[in-house]
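*Asks:* Dropping the structure in here first, questions after.
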Amino acid sequence: MNTRFTLTIVALLSAIAYDFGQIKPQPATEKIVTDEYFGQKVEDPYRYLENLNDPNVVSWMKSNADYAKAKLNEVPERQNLVKKLKELDARKESTITKLGITENDKYFYLKRNANEENGKLYYRVGYKGAEKLLFDPANYKKSAKLNYNISSITPNEKGDKVALEIAPSGSESAELLIVNIDGKIYPEVYDKCWFSSPSWMPDGNSFTYGRLNSADVTDPNRLLHSKVYYHKLGEDPNKDIEYFSDTTNPELKIGAEEFPLNYYDKNSNKNYGLVVTVDNRIKLYTTDLPTNFSPVKWKTLVDKSDEVTNFNIDKEYIYYLTYKNASNYKIIKVPISNPDIKNAETVIDEPKNGNITDFKITKDGLYYSLTENGVAAKVYYLAKGKKDPVELQLPFQAGSASFLNISEDKSEIWVTISGWTSPTKRYLYNPTSNTFTFQPLTKAIEYPEFKDIVSKEVMIPSYDGTLVPVSIIYNKNTKLNGDNPVLMMGYGAYGISMEPRFSTSFTLPYCTYGGIYVITHVRGGGELGESWHKAGFKTTKPNTWKDLIATAEYLIKEKYTSPKRLAIWSASAGGILIGRAITERPDLFAAAIPEVGSFNTIRSEISPNGPGNVPEFGTVKDPTEFKALLEMDSYHHIKKGTAYPATLITAGMNDPRVIAWEPSKFAALLQNANTSDKPILFYTDFEAGHGMGDSATKSIEKSSNLISFAYANTGHPKFQTPKKLKP
């Protein structure tokens with residue numbers, strides 16, 4: 001046999017074997033649909049992918065998911081990374097979240113031990129009390145073989161019962177259950193709950209809660225006209241009283257997309273009706289506690305023109321956090337006996353530097369946190385009877401700070417602080433002695449592998465000269481030679497700040513491989529107050545991705561990295577940020593990872609979660625806002641014949657926040673348009689949603705995929721797939 005011919009056959013067979021089971025899916029076929037908005041025609045080549053019930057659409061999504069998973073599994077270092085993340089997770093004795101403490105000192109919390117997938121509900125009496133397991137989601141509906149996760153816990157005042165929401169497979173379509181202190185589960189089950197915020201009434205045996213129209217995350221009417229019901233334990237949930245809704249109170253003009261909530265306050269012995277959307281301005285009403293819980297008339301306390309975002313109540317006053325005439329926020333108060341907000345007096349003035357992020361009331365006074373540039377946290381205390389707040393000296397320099405109190409008539413307050421490289425710690429503060437006492441709920445862990453990881457904060461000029469805060473996390477021995485892999489993230493929506501958090505599941509493990517992790521605090525977030533939010537909002541949304549582009553150019557200019565070594569990622573509304581960055585400057589990035597991202601903003605409004613997002617992004621029913629939506633629509637900015645960076649696009653089939661067809665359409669068009677040899681992978685997780693409720697294994701899988709893809713496409717030698725033999 002001819003030797004050359006034999007070698008050719010062997011090489012060909014080797015290549016076939018290497019690719020066995022990894023056949024690249026065919027590009028999705030274009031089927032153009034044309035829409036017209038205010039005289040402007042817009043072509044949509046993948047409208048049919050919006051039908052998630054079409055077997056052909058699902059088949060295409062599955063073939064892409066299988067291929068993406070196979071390609072990610074090819075990355076040589078990925079399995080070692082998985083092992084490293086598992087070891088870091090196992091090093092923690094346990095992880096405790098969603099802590100709540102009742103006035104009689106009962107602690108309720110979720111705890112996930114190192115060898116477990118999800119948190120279980122526990123309680124203990126006092127900080128040092130023996131804990132008792134109340135509810136294990138792994139035992140709930142075991143025959144269904146679904147991953148159930150507890151999404152919220154709400155104990156009653158006595159602490160003898162707790163309401164919990166539990167949802168399967170990341171869907172966030174929860175069932176509300178009641179468990180007593182002995183672990184008994186009450187027979188009533190309340191479905192279609194999401195954002196239900198149960199509120200216990202004074203008897204401890206009844207509560208109000210919210211329900212949706214549907215548990216189906218693809219139902220376009222799912223989130224519309226949600227309602228608050230009243231339930232008394234022992235009675236049929238199907239006969240629950242509709243207590244607060246657009247139907248019971250048409251005079252309040254609650255929008256179909258708005259969420260009504262009810263909150264009982266013991267201090268005033270009143271119910272408070274809260275109406276919310278993604279718009280951070282709340283509407284607030286009050287009424288006396290009814291005797292029979294039939295629908296009632298409500299008194300208006302706050303409307304959107306008051307620009308209030310949060311409130312607390314003690315026995316005398318209602319305190320509000322507002323940005324009206326105060327972009328950095330201020331705290332005001334009104335008497336409960338005369339609650340007209342026009343008579344409010346200012347308690348804490350708007351700070352000149354930084355913005356107020358949180359506040360709590362205790363019997364001793366008012367505590368609030370202030371954050372400068374979104375990354376430097378300070379905590380202040382205003383004692384009752386005093387006019388001037390004092391800054392508390394925190395146990396270490398913190399990037400973020402949050403509070404937990406028992407009630408407004410108790411002294412106890414805990415301050416939880418964290419930083420990019422400082423582990424999260426919880427302290428009990430004593431105002432009498434001005435001391436912080438470390439009160440960990442789990443054993444403190446050391447991480448020697450992170451000892452050389454440092455962070456620094458810089459302000460960089462954007463395209464228009466505006467200074468943007470940027471956080472840079474890296475090994476202190478890194479040389480700025482322009483050849484370092486960089487992973488940059490941002491968000492820029494809803495006024496949400498990217499606060500410093502200590503992360504052993506992503507940020508710090510990424511840096512242990514020598515890469516530089518960068519957070520750019522782009523406009524649209526809340527790092528510099530409400531004006532920063534509004535500077536990346538609707539018609540000003542382009543500032544969001546232009547700030548990211550400017551940060552990338554800064555990192556290249558200052559020799560942190562180069563375009564071939566730079567990856568970017570974000571999720572959800574951050575899909576706008578990443579999608580528009582790579583469609584505007586595809587030459588600037590080596591890789592992009594938009595997770596469960598919003599890409600098709602001119603169509604988002606027809607999705608189940610779309611109407612509720614109109615206050616943040618706009619509506620296609622308005623000509624000016626339509627133009628803004630089209631400008632931020634990454635899908636419609638993809639240009640055929642363009643060399644795009646390597647891109648990993650993800651979706652969750654059970655996602656209630658960004659419906660799976662948005663990433664699908666973006667992936668299909670990007671695959672068709674791309675002329676580079678870089679991979680455009682599309683991975684739909686058919687057992688997950690938006691990321692909430694992921695098991696420990698799934699969280700590790702997602703982190704390892706993200707880090708591996710970033711490093712594989714920014715040249716890290718450990719993550720390079722061996723060259724295939726060529727025939």
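Naming scheme: A, B, ... for chains in displayed order of the structure tokens; residues 1 onward per chain; ligands 1 onward as shown.
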Using only C-alpha atoms, which residues sit within 12 Å of Lys360 of chain A once same-chain residues fewer than 4 positions away are excluded, as a ChimeraX atom specification?
*Replies:* /A:310-314,318-321,331,356,364-369,379-382,402-415
*Asks:* Write out as a VMD selection string which residues come within 10 Å of Val596 of chain A when counting only C-alpha atoms, dropping same-chain ones fewer than 2 positions away.
*Replies:* chain A and resid 570 to 575 593 to 594 598 to 599 649 to 653 655 657 to 664 683 to 685 689 to 691
*Asks:* For the selection you just gave me, I'd like the residues written to a file as a CSV table (one decimal), in the first residue's frame, keeping N, CA and C atoms.
*Replies:*
```csv
chain,number,residue,atom,x,y,z
A,570,SER,N,-21.1,39.8,30.5
A,570,SER,CA,-22.1,40.3,31.4
A,570,SER,C,-23.3,39.4,31.3
A,571,ALA,N,-24.4,39.7,31.9
A,571,ALA,CA,-25.6,38.8,31.9
A,571,ALA,C,-26.9,39.7,31.9
A,572,SER,N,-28.0,39.1,31.5
A,572,SER,CA,-29.3,39.7,31.6
A,572,SER,C,-29.3,41.0,30.8
A,573,ALA,N,-29.7,42.1,31.5
A,573,ALA,CA,-29.7,43.4,30.8
A,573,ALA,C,-28.3,43.8,30.4
A,574,GLY,N,-27.3,43.2,31.0
A,574,GLY,CA,-25.9,43.3,30.5
A,574,GLY,C,-25.7,42.8,29.1
A,575,GLY,N,-26.6,42.0,28.6
A,575,GLY,CA,-26.5,41.6,27.2
A,575,GLY,C,-26.6,42.7,26.2
A,593,ILE,N,-18.8,37.1,26.2
A,593,ILE,CA,-19.6,36.0,26.8
A,593,ILE,C,-20.9,36.7,27.4
A,594,PRO,N,-21.9,36.9,26.6
A,594,PRO,CA,-23.2,37.4,27.1
A,594,PRO,C,-24.1,36.2,27.6
A,598,SER,N,-30.3,40.1,27.1
A,598,SER,CA,-31.3,40.8,26.4
A,598,SER,C,-30.7,41.4,25.1
A,599,PHE,N,-31.1,41.0,23.9
A,599,PHE,CA,-30.5,41.4,22.7
A,599,PHE,C,-31.4,42.0,21.7
A,649,ILE,N,-22.8,32.4,23.8
A,649,ILE,CA,-24.1,33.0,24.2
A,649,ILE,C,-24.8,31.9,24.9
A,650,THR,N,-25.5,32.3,26.0
A,650,THR,CA,-26.2,31.3,26.8
A,650,THR,C,-27.7,31.7,27.0
A,651,ALA,N,-28.5,30.7,27.2
A,651,ALA,CA,-29.9,30.9,27.5
A,651,ALA,C,-30.4,29.9,28.5
A,652,GLY,N,-31.5,30.2,29.2
A,652,GLY,CA,-32.1,29.2,30.1
A,652,GLY,C,-33.5,29.0,29.6
A,653,MET,N,-33.8,27.7,29.4
A,653,MET,CA,-35.2,27.4,28.8
A,653,MET,C,-36.3,27.8,29.8
A,655,ASP,N,-36.2,30.4,31.8
A,655,ASP,CA,-35.9,31.8,32.3
A,655,ASP,C,-37.1,32.6,32.3
A,657,ARG,N,-37.1,35.8,33.1
A,657,ARG,CA,-36.7,37.2,33.1
A,657,ARG,C,-36.3,37.6,31.6
A,658,VAL,N,-35.4,36.8,31.0
A,658,VAL,CA,-35.1,37.0,29.6
A,658,VAL,C,-35.5,35.8,28.9
A,659,ILE,N,-36.6,35.8,28.1
A,659,ILE,CA,-37.1,34.6,27.4
A,659,ILE,C,-36.0,34.1,26.5
A,660,ALA,N,-35.9,32.7,26.4
A,660,ALA,CA,-34.8,32.1,25.7
A,660,ALA,C,-34.7,32.4,24.2
A,661,TRP,N,-35.8,32.9,23.6
A,661,TRP,CA,-35.7,33.2,22.1
A,661,TRP,C,-34.8,34.5,21.9
A,662,GLU,N,-34.6,35.3,22.9
A,662,GLU,CA,-33.8,36.5,22.6
A,662,GLU,C,-32.3,36.1,22.3
A,663,PRO,N,-31.7,35.3,23.2
A,663,PRO,CA,-30.4,34.8,22.9
A,663,PRO,C,-30.4,33.9,21.6
A,664,SER,N,-31.4,33.1,21.4
A,664,SER,CA,-31.5,32.3,20.2
A,664,SER,C,-31.4,33.1,18.9
A,683,TYR,N,-25.3,28.1,23.9
A,683,TYR,CA,-25.6,27.0,24.8
A,683,TYR,C,-26.9,27.3,25.6
A,684,THR,N,-27.9,26.5,25.3
A,684,THR,CA,-29.2,26.6,26.1
A,684,THR,C,-29.2,25.6,27.2
A,685,ASP,N,-29.4,26.0,28.4
A,685,ASP,CA,-29.5,25.0,29.5
A,685,ASP,C,-31.0,24.7,29.6
A,689,GLY,N,-32.8,28.4,34.5
A,689,GLY,CA,-33.5,29.7,34.2
A,689,GLY,C,-32.5,30.8,34.0
A,690,HIS,N,-32.7,31.8,34.8
A,690,HIS,CA,-31.9,33.0,34.7
A,690,HIS,C,-30.7,33.0,35.6
A,691,GLY,N,-30.5,31.9,36.3
A,691,GLY,CA,-29.3,31.7,37.2
A,691,GLY,C,-29.7,31.7,38.6
```
*Asks:* Residues within 8 Å of segment 337-341 of chain A, please, as a PyMOL selection string. Count only C-alpha atoms; anything in the same chain fewer than 4 positions from it doesn't count.
*Replies:* chain A and resi 301-302+316+318
*Asks:* Can those selected residues be exported to a file as a PDB file, in the first residue's frame so that it contains C-alpha atoms?
*Replies:*
```
ATOM      1  CA  LEU A 301     -48.473  58.201  51.090  1.00  0.00           C
ATOM      2  CA  VAL A 302     -46.002  58.312  48.198  1.00  0.00           C
ATOM      3  CA  GLU A 316     -43.446  57.645  65.512  1.00  0.00           C
ATOM      4  CA  ILE A 318     -42.073  56.849  58.454  1.00  0.00           C
TER       5      ILE A 318
END
```
*Asks:* Between segment 482-533 of chain A and segment 82-102 of chain A, at 8 Å or less, what are the per-residue closest atom pairs and their distances in Å? Count only C-alpha atoms, order by chain and rising residue number, and return it as CSV.
*Replies:*
```
residue,atom,partner,partner_atom,distance
A:Thr504,CA,A:Leu88,CA,6.7
A:Ser505,CA,A:Leu85,CA,6.2
A:Pro509,CA,A:Leu85,CA,7.6
```
*Asks:* Which of segment 244-451 of chain A end up as strand (DSSP E) when DSSP is run on this backbone - answer as a PyMOL selection string?
*Replies:* chain A and resi 244+259-265+270-276+283-288+299-302+308-313+317-322+330-335+345-348+355-361+365-372+376-383+390-392+400-405+413-418+425-430+435-438
*Asks:* Pick out each residue of segment 202-271 of chain A that DSSP on the backbone tags as helix (DSSP H, G or I); I need them as a ChimeraX atom specification.
*Replies:* /A:237-239,250-252
*Asks:* Please report as JSON lines every residue of segment 632-698 of chain A lying within 6 Å of segment 157-173 of chain A, along with the nearest atom pair and their distance in Å (one decimal), using only C-alpha atoms.
*Replies:*
```
{"residue": "A:Asn654", "atom": "CA", "partner": "A:Ser171", "partner_atom": "CA", "distance": 4.8}
{"residue": "A:Asp655", "atom": "CA", "partner": "A:Ser171", "partner_atom": "CA", "distance": 5.8}
{"residue": "A:Glu687", "atom": "CA", "partner": "A:Ser169", "partner_atom": "CA", "distance": 5.4}
{"residue": "A:Ala688", "atom": "CA", "partner": "A:Gly170", "partner_atom": "CA", "distance": 4.7}
{"residue": "A:Gly689", "atom": "CA", "partner": "A:Gly170", "partner_atom": "CA", "distance": 4.3}
{"residue": "A:Met692", "atom": "CA", "partner": "A:Gly170", "partner_atom": "CA", "distance": 5.7}
{"residue": "A:Gly693", "atom": "CA", "partner": "A:Gly170", "partner_atom": "CA", "distance": 4.8}
```
*Asks:* Would you kindly return, as an mmCIF file with N, CA, C and O atoms, in the first residue's frame, each protein, DNA or RNA residue with an atom no farther than 9 Å from any atom of Pro260 of chain A, considering only C-alpha atoms and excluding same-chain residues fewer than 2 positions away?
*Replies:*
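Now in part_4.cif:
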```
data_model
loop_
_atom_site.group_PDB
_atom_site.id
_atom_site.type_symbol
_atom_site.label_atom_id
_atom_site.label_comp_id
_atom_site.auth_asym_id
_atom_site.auth_seq_id
_atom_site.Cartn_x
_atom_site.Cartn_y
_atom_site.Cartn_z
ATOM 1 N N GLY A 210 -48.667 37.350 47.208
ATOM 2 C CA GLY A 210 -48.959 37.678 45.819
ATOM 3 C C GLY A 210 -48.968 36.450 44.928
ATOM 4 O O GLY A 210 -48.243 35.486 45.168
ATOM 5 N N HIS A 225 -51.289 41.902 35.772
ATOM 6 C CA HIS A 225 -52.430 41.907 36.703
ATOM 7 C C HIS A 225 -52.210 40.956 37.882
ATOM 8 O O HIS A 225 -53.108 40.198 38.257
ATOM 9 N N SER A 226 -51.013 40.960 38.467
ATOM 10 C CA SER A 226 -50.782 40.133 39.655
ATOM 11 C C SER A 226 -51.608 40.684 40.817
ATOM 12 O O SER A 226 -51.973 41.865 40.837
ATOM 13 N N LYS A 227 -51.889 39.817 41.781
ATOM 14 C CA LYS A 227 -52.828 40.175 42.844
ATOM 15 C C LYS A 227 -52.300 39.747 44.206
ATOM 16 O O LYS A 227 -51.553 38.774 44.314
ATOM 17 N N VAL A 228 -52.727 40.473 45.233
ATOM 18 C CA VAL A 228 -52.412 40.121 46.615
ATOM 19 C C VAL A 228 -53.646 39.467 47.233
ATOM 20 O O VAL A 228 -54.756 40.006 47.140
ATOM 21 N N PHE A 244 -55.746 43.110 47.441
ATOM 22 C CA PHE A 244 -55.119 44.327 46.917
ATOM 23 C C PHE A 244 -54.693 44.072 45.478
ATOM 24 O O PHE A 244 -53.832 43.228 45.222
ATOM 25 N N SER A 245 -55.301 44.779 44.530
ATOM 26 C CA SER A 245 -54.997 44.559 43.118
ATOM 27 C C SER A 245 -55.587 45.695 42.290
ATOM 28 O O SER A 245 -56.279 46.580 42.817
ATOM 29 N N ASP A 246 -55.364 45.643 40.996
ATOM 30 C CA ASP A 246 -55.981 46.642 40.116
ATOM 31 C C ASP A 246 -57.489 46.445 40.031
ATOM 32 O O ASP A 246 -58.230 47.370 39.667
ATOM 33 N N ILE A 254 -53.430 51.008 39.321
ATOM 34 C CA ILE A 254 -52.275 50.106 39.298
ATOM 35 C C ILE A 254 -52.128 49.554 37.888
ATOM 36 O O ILE A 254 -53.065 48.985 37.326
ATOM 37 N N GLU A 258 -47.488 46.344 36.881
ATOM 38 C CA GLU A 258 -46.982 46.663 38.214
ATOM 39 C C GLU A 258 -47.312 45.547 39.204
ATOM 40 O O GLU A 258 -48.325 44.857 39.076
ATOM 41 N N ASN A 262 -48.310 43.705 49.852
ATOM 42 C CA ASN A 262 -48.828 44.190 51.123
ATOM 43 C C ASN A 262 -47.822 43.901 52.223
ATOM 44 O O ASN A 262 -47.193 42.833 52.249
ATOM 45 N N GLY A 273 -49.627 49.194 51.446
ATOM 46 C CA GLY A 273 -49.695 48.681 50.083
ATOM 47 C C GLY A 273 -48.564 49.287 49.265
ATOM 48 O O GLY A 273 -48.450 50.514 49.147
ATOM 49 N N LEU A 274 -47.742 48.428 48.724
ATOM 50 C CA LEU A 274 -46.572 48.858 47.966
ATOM 51 C C LEU A 274 -46.762 48.426 46.517
ATOM 52 O O LEU A 274 -47.121 47.273 46.250
ATOM 53 N N VAL A 275 -46.535 49.337 45.568
ATOM 54 C CA VAL A 275 -46.658 49.019 44.143
ATOM 55 C C VAL A 275 -45.311 49.289 43.493
ATOM 56 O O VAL A 275 -44.786 50.406 43.573
ATOM 57 N N VAL A 276 -44.748 48.255 42.852
ATOM 58 C CA VAL A 276 -43.384 48.362 42.333
ATOM 59 C C VAL A 276 -43.289 47.822 40.913
ATOM 60 O O VAL A 276 -44.122 47.022 40.467
#
```
*Asks:* For a test of reading the model, state the distance in Å between atom CA of Lys425 of chain A and atom CA of Ser455 of chain A, rounded to one decimal.
*Replies:*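 Between atom CA of Lys425 of chain A and atom CA of Ser455 of chain A the gap is 18.4 Å.
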*Asks:* What lies within 7 Å of Ser708 of chain A using only C-alpha atoms, ignoring chain neighbours under 2 positions off, as a list in words?
*Replies:*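 What passes the distance filter is Val75, Arg78, Ser704, Asn705, Leu706, Ala710, Tyr711, Ala712 and Phe719 of chain A.
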*Asks:* May I ask which of the residues A:Asp622, A:Leu261, A:Ser305, A:Asn325 is the closest one to Ser531 of chain A, counting only C-alpha atoms?
*Replies:*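 Using only C-alpha atoms, the shortest distance to Ser531 of chain A belongs to A:Asn325.
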*Asks:* Can you work out which one of A:Asn353, A:Ser206, A:Asn213, A:Thr218 has the shortest atom-to-atom distance to Pro608 of chain A, counting only C-alpha atoms?
*Replies:*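 Ranking A:Asn353, A:Ser206, A:Asn213, A:Thr218 by distance to Pro608 of chain A, first place goes to A:Thr218.
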*Asks:* Per residue of segment 10-103 of chain A within 10 Å of segment 623-638 of chain A, what are the shortest atom pair and its distance in Å to one decimal, counting only C-alpha atoms, with rows by chain and residue number, as JSON lines?
*Replies:*
```
{"residue": "A:Tyr37", "atom": "CA", "partner": "A:Phe626", "partner_atom": "CA", "distance": 7.8}
{"residue": "A:Phe38", "atom": "CA", "partner": "A:Pro623", "partner_atom": "CA", "distance": 6.5}
{"residue": "A:Gly39", "atom": "CA", "partner": "A:Pro623", "partner_atom": "CA", "distance": 9.9}
{"residue": "A:Gln40", "atom": "CA", "partner": "A:Lys627", "partner_atom": "CA", "distance": 9.8}
{"residue": "A:Val42", "atom": "CA", "partner": "A:His636", "partner_atom": "CA", "distance": 8.4}
{"residue": "A:Glu43", "atom": "CA", "partner": "A:His636", "partner_atom": "CA", "distance": 8.4}
{"residue": "A:Asp44", "atom": "CA", "partner": "A:His636", "partner_atom": "CA", "distance": 8.0}
{"residue": "A:Pro45", "atom": "CA", "partner": "A:His636", "partner_atom": "CA", "distance": 9.9}
```
*Asks:* Extract, using only C-alpha atoms, all DNA, RNA and protein residues at most 6 Å from Glu499 of chain A, discarding same-chain residues fewer than 2 positions from it, and format them as an MDAnalysis selection string.
*Replies:* chainID A and resid 375 400 497
*Asks:* Restricting the output to all heavy atoms, write the selected residues as an mmCIF file, in the first residue's frame.
*Replies:*
```cif
data_model
loop_
_atom_site.group_PDB
_atom_site.id
_atom_site.type_symbol
_atom_site.label_atom_id
_atom_site.label_comp_id
_atom_site.auth_asym_id
_atom_site.auth_seq_id
_atom_site.Cartn_x
_atom_site.Cartn_y
_atom_site.Cartn_z
ATOM 1 N N VAL A 375 -17.635 51.788 45.138
ATOM 2 C CA VAL A 375 -16.681 50.762 45.572
ATOM 3 C C VAL A 375 -16.080 51.000 46.953
ATOM 4 O O VAL A 375 -15.397 50.127 47.478
ATOM 5 C CB VAL A 375 -15.531 50.625 44.553
ATOM 6 C CG1 VAL A 375 -16.038 50.091 43.229
ATOM 7 C CG2 VAL A 375 -14.798 51.947 44.355
ATOM 8 N N SER A 400 -18.371 47.236 50.243
ATOM 9 C CA SER A 400 -19.825 47.231 50.339
ATOM 10 C C SER A 400 -20.222 46.959 51.782
ATOM 11 O O SER A 400 -19.492 46.311 52.536
ATOM 12 C CB SER A 400 -20.426 46.153 49.420
ATOM 13 O OG SER A 400 -19.947 44.867 49.776
ATOM 14 N N SER A 497 -25.670 48.931 41.292
ATOM 15 C CA SER A 497 -24.219 49.102 41.385
ATOM 16 C C SER A 497 -23.522 47.749 41.447
ATOM 17 O O SER A 497 -24.020 46.809 42.072
ATOM 18 C CB SER A 497 -23.859 49.902 42.639
ATOM 19 O OG SER A 497 -24.432 51.189 42.608
#
```
*Asks:* Point out the residue among A:Pro645, A:Pro461, A:Gly515, A:Pro469 with the least atom-to-atom distance to Leu487 of chain A, counting only C-alpha atoms.
*Replies:*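 Going through A:Pro645, A:Pro461, A:Gly515, A:Pro469 one by one, the smallest distance to Leu487 of chain A is for A:Gly515.
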*Asks:* So, counting only C-alpha atoms, which residue among A:Ser59, A:Asn543, A:Ser433, A:Gln439 is closest to Ser462 of chain A?
*Replies:*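 Distance minimum relative to Ser462 of chain A lands on A:Asn543.
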*Asks:* Could you check which of A:Ala376, A:Leu566, A:Ile23, A:Val57 is closest to Lys69 of chain A, using only C-alpha atoms?
*Replies:*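 Of A:Ala376, A:Leu566, A:Ile23, A:Val57, the one nearest Lys69 of chain A is A:Ile23, counting only C-alpha atoms.
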*Asks:* Which residues are close to segment 230-243 of chain A, i.e. within 6 Å by only C-alpha atoms, leaving aside same-chain residues fewer than 5 positions away? Reply as JSON, numbers by chain.
*Replies:* {"A": [205, 206, 207, 208, 295]}
*Asks:* Return the single residue from A:Thr286, A:Thr601, A:Thr512, A:Asn475 that is closest to Asp265 of chain A, with distances computed using only C-alpha atoms.
*Replies:* A:Thr286
